Amino acid sequence: MIGIITRLFAREAAVSQAGPGDARALAALHASSFHRGWSEDEFERLLSDRHVVAHRATTGTALAGFILSRIVQDEAEILSIAVASARRGRGLARQLLDINLRRLAALGARSVFLEVEEGNISARRLYRRAGFQEVGRRETYYAPERGAAALVLRRDLP
Ligand SMILES: CC(C)(COP(=O)(O)OP(=O)(O)OC[C@H]1O[C@@H](n2cnc3c(N)ncnc32)[C@H](O)[C@@H]1OP(=O)(O)O)[C@@H](O)C(=O)NCCC(=O)NCCS
């Protein structure tokens with residue numbers, strides 16, 4: 001019995017493209033990961049947008065993580081990435097980011113931008129490891145009352 005449970009929890013996540021049918025699950029994970037959640041409608045709109053590149057990680061039928069980016073001509077932006085709290089720290093975000101960046105490169109993106117809260121250590125490590133560099137800073141961008149600044153990061157694609 002314990003062996004079965006261990007195997008279930010250790011199960012690898014499968015990464016695939018996400019579509020409008022994933023809107024509800026993505027909105028729920030987004031809401032539990034950020035101060036301001038995006039609605040299911042917002043996700044449905046984004047996931048139907050031909051400029052948006054979306055991937056999801058699932059374990060069985062459960063959503064373990066997702067990433068959304070937008071590409072316009074040769075420039076792209078990472079819109080959001082989140083991993084379910086129980087699945088963090090196992091390289092899942094890195095896997096999602098890698099596959100999304102590869103897809104953006106295949107679609108013709110030459111540079112990718114994103115914004116990250118200065119105090120978000122795990123996200124900053126994730127992006128640094130993936131080759132993103134700081135190109136700007138916006139003071140009190142996320143939460144003026146907390147004084148949280150946003151860093152603008154950029155990475156060029158081959
Ligand atoms: C940021 C987030 C997506 C990372 O997901 P994850 O699957 O845990 O990330 P990974 O396991 O791929 O690890 C990525 C890096 O973060 C580091 N990391 C993960 N959890 C960490 C923690 N709690 N504290 C410090 N660093 C951490 C890892 O060590 C790794 O860095 P390394 O390669 O230098 O060792 C996840 O924490 C999350 O969903 N956070 C809430 C939403 C969010 O902040 N999204 C980013 C918005 S810009």
# chains A, B, ... in the order shown; residues from 1 in each chain; ligands from 1
>>> closest_atom_pairs(of="chain A", to="ligand 1", cutoff="8 Å", atoms="only C-alpha atoms and all ligand atoms", output="CSV")
residue,atom,partner,partner_atom_place_in_ligand_line,distance
A:His30,CA,ligand 1,42 (C),7.5
A:Ser33,CA,ligand 1,41 (C),4.6
A:Phe34,CA,ligand 1,42 (C),5.9
A:Gly65,CA,ligand 1,39 (O),7.4
A:Ser80,CA,ligand 1,47 (C),6.0
A:Ile81,CA,ligand 1,45 (N),5.0
A:Ala82,CA,ligand 1,39 (O),3.3
A:Val83,CA,ligand 1,39 (O),3.8
A:Ala84,CA,ligand 1,39 (O),6.1
A:Ser85,CA,ligand 1,39 (O),6.7
A:Arg87,CA,ligand 1,7 (O),6.5
A:Arg88,CA,ligand 1,8 (O),3.3
A:Gly89,CA,ligand 1,11 (O),3.4
A:Arg90,CA,ligand 1,11 (O),4.0
A:Gly91,CA,ligand 1,12 (O),3.2
A:Leu92,CA,ligand 1,7 (O),4.0
A:Ala93,CA,ligand 1,12 (O),3.8
A:Arg94,CA,ligand 1,12 (O),3.9
A:Gln95,CA,ligand 1,12 (O),6.7
A:Leu114,CA,ligand 1,48 (S),7.4
A:Glu115,CA,ligand 1,48 (S),6.1
A:Val116,CA,ligand 1,48 (S),4.2
A:Glu117,CA,ligand 1,48 (S),6.6
A:Asn120,CA,ligand 1,44 (O),6.2
A:Ile121,CA,ligand 1,25 (C),5.5
A:Ser122,CA,ligand 1,16 (O),3.8
A:Ala123,CA,ligand 1,1 (C),3.9
A:Arg124,CA,ligand 1,16 (O),7.2
A:Arg125,CA,ligand 1,31 (O),4.6
A:Leu126,CA,ligand 1,15 (C),3.9
A:Tyr127,CA,ligand 1,15 (C),7.7
A:Arg128,CA,ligand 1,34 (O),7.6
A:Arg129,CA,ligand 1,33 (O),5.7
>>> residues_around(residues="Ala27 (chain A)", least_positions_apart="3", cutoff="9 Å", atoms="only C-alpha atoms", output="PyMOL selection string")
chain A and resi 22-24+30-32+37-43
>>> write_last_selection(atoms="C-alpha atoms", output="mmCIF file, in the first residue's frame")
data_model
loop_
_atom_site.group_PDB
_atom_site.id
_atom_site.type_symbol
_atom_site.label_atom_id
_atom_site.label_comp_id
_atom_site.auth_asym_id
_atom_site.auth_seq_id
_atom_site.Cartn_x
_atom_site.Cartn_y
_atom_site.Cartn_z
ATOM 1 C CA ASP A 22 -7.808 24.139 -19.524
ATOM 2 C CA ALA A 23 -9.067 27.630 -18.556
ATOM 3 C CA ARG A 24 -10.787 26.597 -15.331
ATOM 4 C CA HIS A 30 -3.206 31.047 -10.841
ATOM 5 C CA ALA A 31 -5.537 32.223 -8.032
ATOM 6 C CA SER A 32 -3.700 30.081 -5.481
ATOM 7 C CA GLY A 37 -5.882 35.973 -9.723
ATOM 8 C CA TRP A 38 -7.037 36.044 -13.345
ATOM 9 C CA SER A 39 -10.597 34.861 -14.012
ATOM 10 C CA GLU A 40 -11.548 31.764 -15.969
ATOM 11 C CA ASP A 41 -12.864 34.111 -18.709
ATOM 12 C CA GLU A 42 -9.497 35.869 -18.932
ATOM 13 C CA PHE A 43 -7.780 32.500 -19.284
#
>>> select_by_dssp(residues="region 1-156 of chain A", states="strand (DSSP E or B)", output="ChimeraX atom specification")
/A:14-17,52-59,62-72,75-83,111-117,133-143,148-156
>>> atom_distance(atom1="CA of Ala28 (chain A)", atom2="CA of Val152 (chain A)")
26.1 Å
>>> closest_residue(among="A:Val72, A:Ala14, A:Ala25, A:Ile99", to="Gly60 (chain A)", atoms="only C-alpha atoms")
A:Ala14
>>> residues_around(residues="Val15 (chain A)", least_positions_apart="5", cutoff="8 Å", atoms="only C-alpha atoms", output="PyMOL selection string")
chain A and resi 55-58+96
>>> select_by_dssp(residues="region 10-135 of chain A", states="alpha helix (DSSP H)", output="PyMOL selection string")
chain A and resi 10+23-33+40-48+92-106+121-129
>>> write_last_selection(atoms="C-alpha atoms", output="PDB file, in the first residue's frame")
ATOM      1  CA  ALA A  10       6.560  10.364  -7.299  1.00  0.00           C
ATOM      2  CA  ALA A  23      -9.067  27.630 -18.556  1.00  0.00           C
ATOM      3  CA  ARG A  24     -10.787  26.597 -15.331  1.00  0.00           C
ATOM      4  CA  ALA A  25      -7.855  24.577 -13.970  1.00  0.00           C
ATOM      5  CA  LEU A  26      -5.331  27.277 -14.913  1.00  0.00           C
ATOM      6  CA  ALA A  27      -7.438  30.011 -13.290  1.00  0.00           C
ATOM      7  CA  ALA A  28      -7.640  27.968 -10.062  1.00  0.00           C
ATOM      8  CA  LEU A  29      -3.869  27.408  -9.953  1.00  0.00           C
ATOM      9  CA  HIS A  30      -3.206  31.047 -10.841  1.00  0.00           C
ATOM     10  CA  ALA A  31      -5.537  32.223  -8.032  1.00  0.00           C
ATOM     11  CA  SER A  32      -3.700  30.081  -5.481  1.00  0.00           C
ATOM     12  CA  SER A  33      -0.291  31.311  -6.695  1.00  0.00           C
ATOM     13  CA  GLU A  40     -11.548  31.764 -15.969  1.00  0.00           C
ATOM     14  CA  ASP A  41     -12.864  34.111 -18.709  1.00  0.00           C
ATOM     15  CA  GLU A  42      -9.497  35.869 -18.932  1.00  0.00           C
ATOM     16  CA  PHE A  43      -7.780  32.500 -19.284  1.00  0.00           C
ATOM     17  CA  GLU A  44     -10.258  31.350 -21.902  1.00  0.00           C
ATOM     18  CA  ARG A  45      -9.561  34.501 -23.910  1.00  0.00           C
ATOM     19  CA  LEU A  46      -5.803  34.104 -23.581  1.00  0.00           C
ATOM     20  CA  LEU A  47      -5.857  30.399 -24.438  1.00  0.00           C
ATOM     21  CA  SER A  48      -7.891  31.141 -27.590  1.00  0.00           C
ATOM     22  CA  LEU A  92       8.915  21.526 -13.112  1.00  0.00           C
ATOM     23  CA  ALA A  93       8.990  25.281 -13.772  1.00  0.00           C
ATOM     24  CA  ARG A  94      12.331  24.846 -15.486  1.00  0.00           C
ATOM     25  CA  GLN A  95      10.869  22.133 -17.709  1.00  0.00           C
ATOM     26  CA  LEU A  96       7.844  24.312 -18.580  1.00  0.00           C
ATOM     27  CA  LEU A  97      10.035  27.336 -19.310  1.00  0.00           C
ATOM     28  CA  ASP A  98      12.401  25.289 -21.512  1.00  0.00           C
ATOM     29  CA  ILE A  99       9.644  23.845 -23.683  1.00  0.00           C
ATOM     30  CA  ASN A 100       7.876  27.208 -23.971  1.00  0.00           C
ATOM     31  CA  LEU A 101      11.098  29.006 -24.990  1.00  0.00           C
ATOM     32  CA  ARG A 102      11.841  26.315 -27.580  1.00  0.00           C
ATOM     33  CA  ARG A 103       8.365  26.760 -29.065  1.00  0.00           C
ATOM     34  CA  LEU A 104       8.776  30.560 -29.118  1.00  0.00           C
ATOM     35  CA  ALA A 105      12.113  30.180 -30.918  1.00  0.00           C
ATOM     36  CA  ALA A 106      10.507  27.827 -33.457  1.00  0.00           C
ATOM     37  CA  ILE A 121      13.626  34.459  -5.063  1.00  0.00           C
ATOM     38  CA  SER A 122      12.563  31.152  -6.638  1.00  0.00           C
ATOM     39  CA  ALA A 123      11.304  32.851  -9.806  1.00  0.00           C
ATOM     40  CA  ARG A 124      14.483  34.948 -10.075  1.00  0.00           C
ATOM     41  CA  ARG A 125      16.624  31.806  -9.723  1.00  0.00           C
ATOM     42  CA  LEU A 126      14.546  30.071 -12.354  1.00  0.00           C
ATOM     43  CA  TYR A 127      15.015  32.921 -14.838  1.00  0.00           C
ATOM     44  CA  ARG A 128      18.720  33.463 -14.060  1.00  0.00           C
ATOM     45  CA  ARG A 129      19.400  29.760 -14.651  1.00  0.00           C
TER      46      ARG A 129
END
>>> residues_around(residues="Leu107 (chain A)", least_positions_apart="4", cutoff="12 Å", atoms="only C-alpha atoms", output="PDB file with C-alpha atoms, in the first residue's frame")
ATOM      1  CA  ARG A  50      -3.319  32.679 -31.622  1.00  0.00           C
ATOM      2  CA  HIS A  51      -0.429  34.808 -30.335  1.00  0.00           C
ATOM      3  CA  VAL A  52      -0.421  33.029 -26.970  1.00  0.00           C
ATOM      4  CA  VAL A  53       1.782  29.969 -26.440  1.00  0.00           C
ATOM      5  CA  ARG A  70       2.689  35.903 -26.005  1.00  0.00           C
ATOM      6  CA  ILE A  71       4.556  36.358 -29.264  1.00  0.00           C
ATOM      7  CA  VAL A  72       4.250  39.294 -31.645  1.00  0.00           C
ATOM      8  CA  GLN A  73       6.576  39.072 -34.635  1.00  0.00           C
ATOM      9  CA  ASP A  74      10.080  38.399 -33.277  1.00  0.00           C
ATOM     10  CA  GLU A  75       9.413  39.517 -29.700  1.00  0.00           C
ATOM     11  CA  ALA A  76       7.788  37.494 -26.934  1.00  0.00           C
ATOM     12  CA  ASN A 100       7.876  27.208 -23.971  1.00  0.00           C
ATOM     13  CA  LEU A 101      11.098  29.006 -24.990  1.00  0.00           C
ATOM     14  CA  ARG A 102      11.841  26.315 -27.580  1.00  0.00           C
ATOM     15  CA  ARG A 103       8.365  26.760 -29.065  1.00  0.00           C
ATOM     16  CA  SER A 111      14.004  38.011 -27.706  1.00  0.00           C
ATOM     17  CA  LEU A 157      16.874  33.284 -28.426  1.00  0.00           C
ATOM     18  CA  PRO A 158      19.117  31.637 -31.006  1.00  0.00           C
TER      19      PRO A 158
END
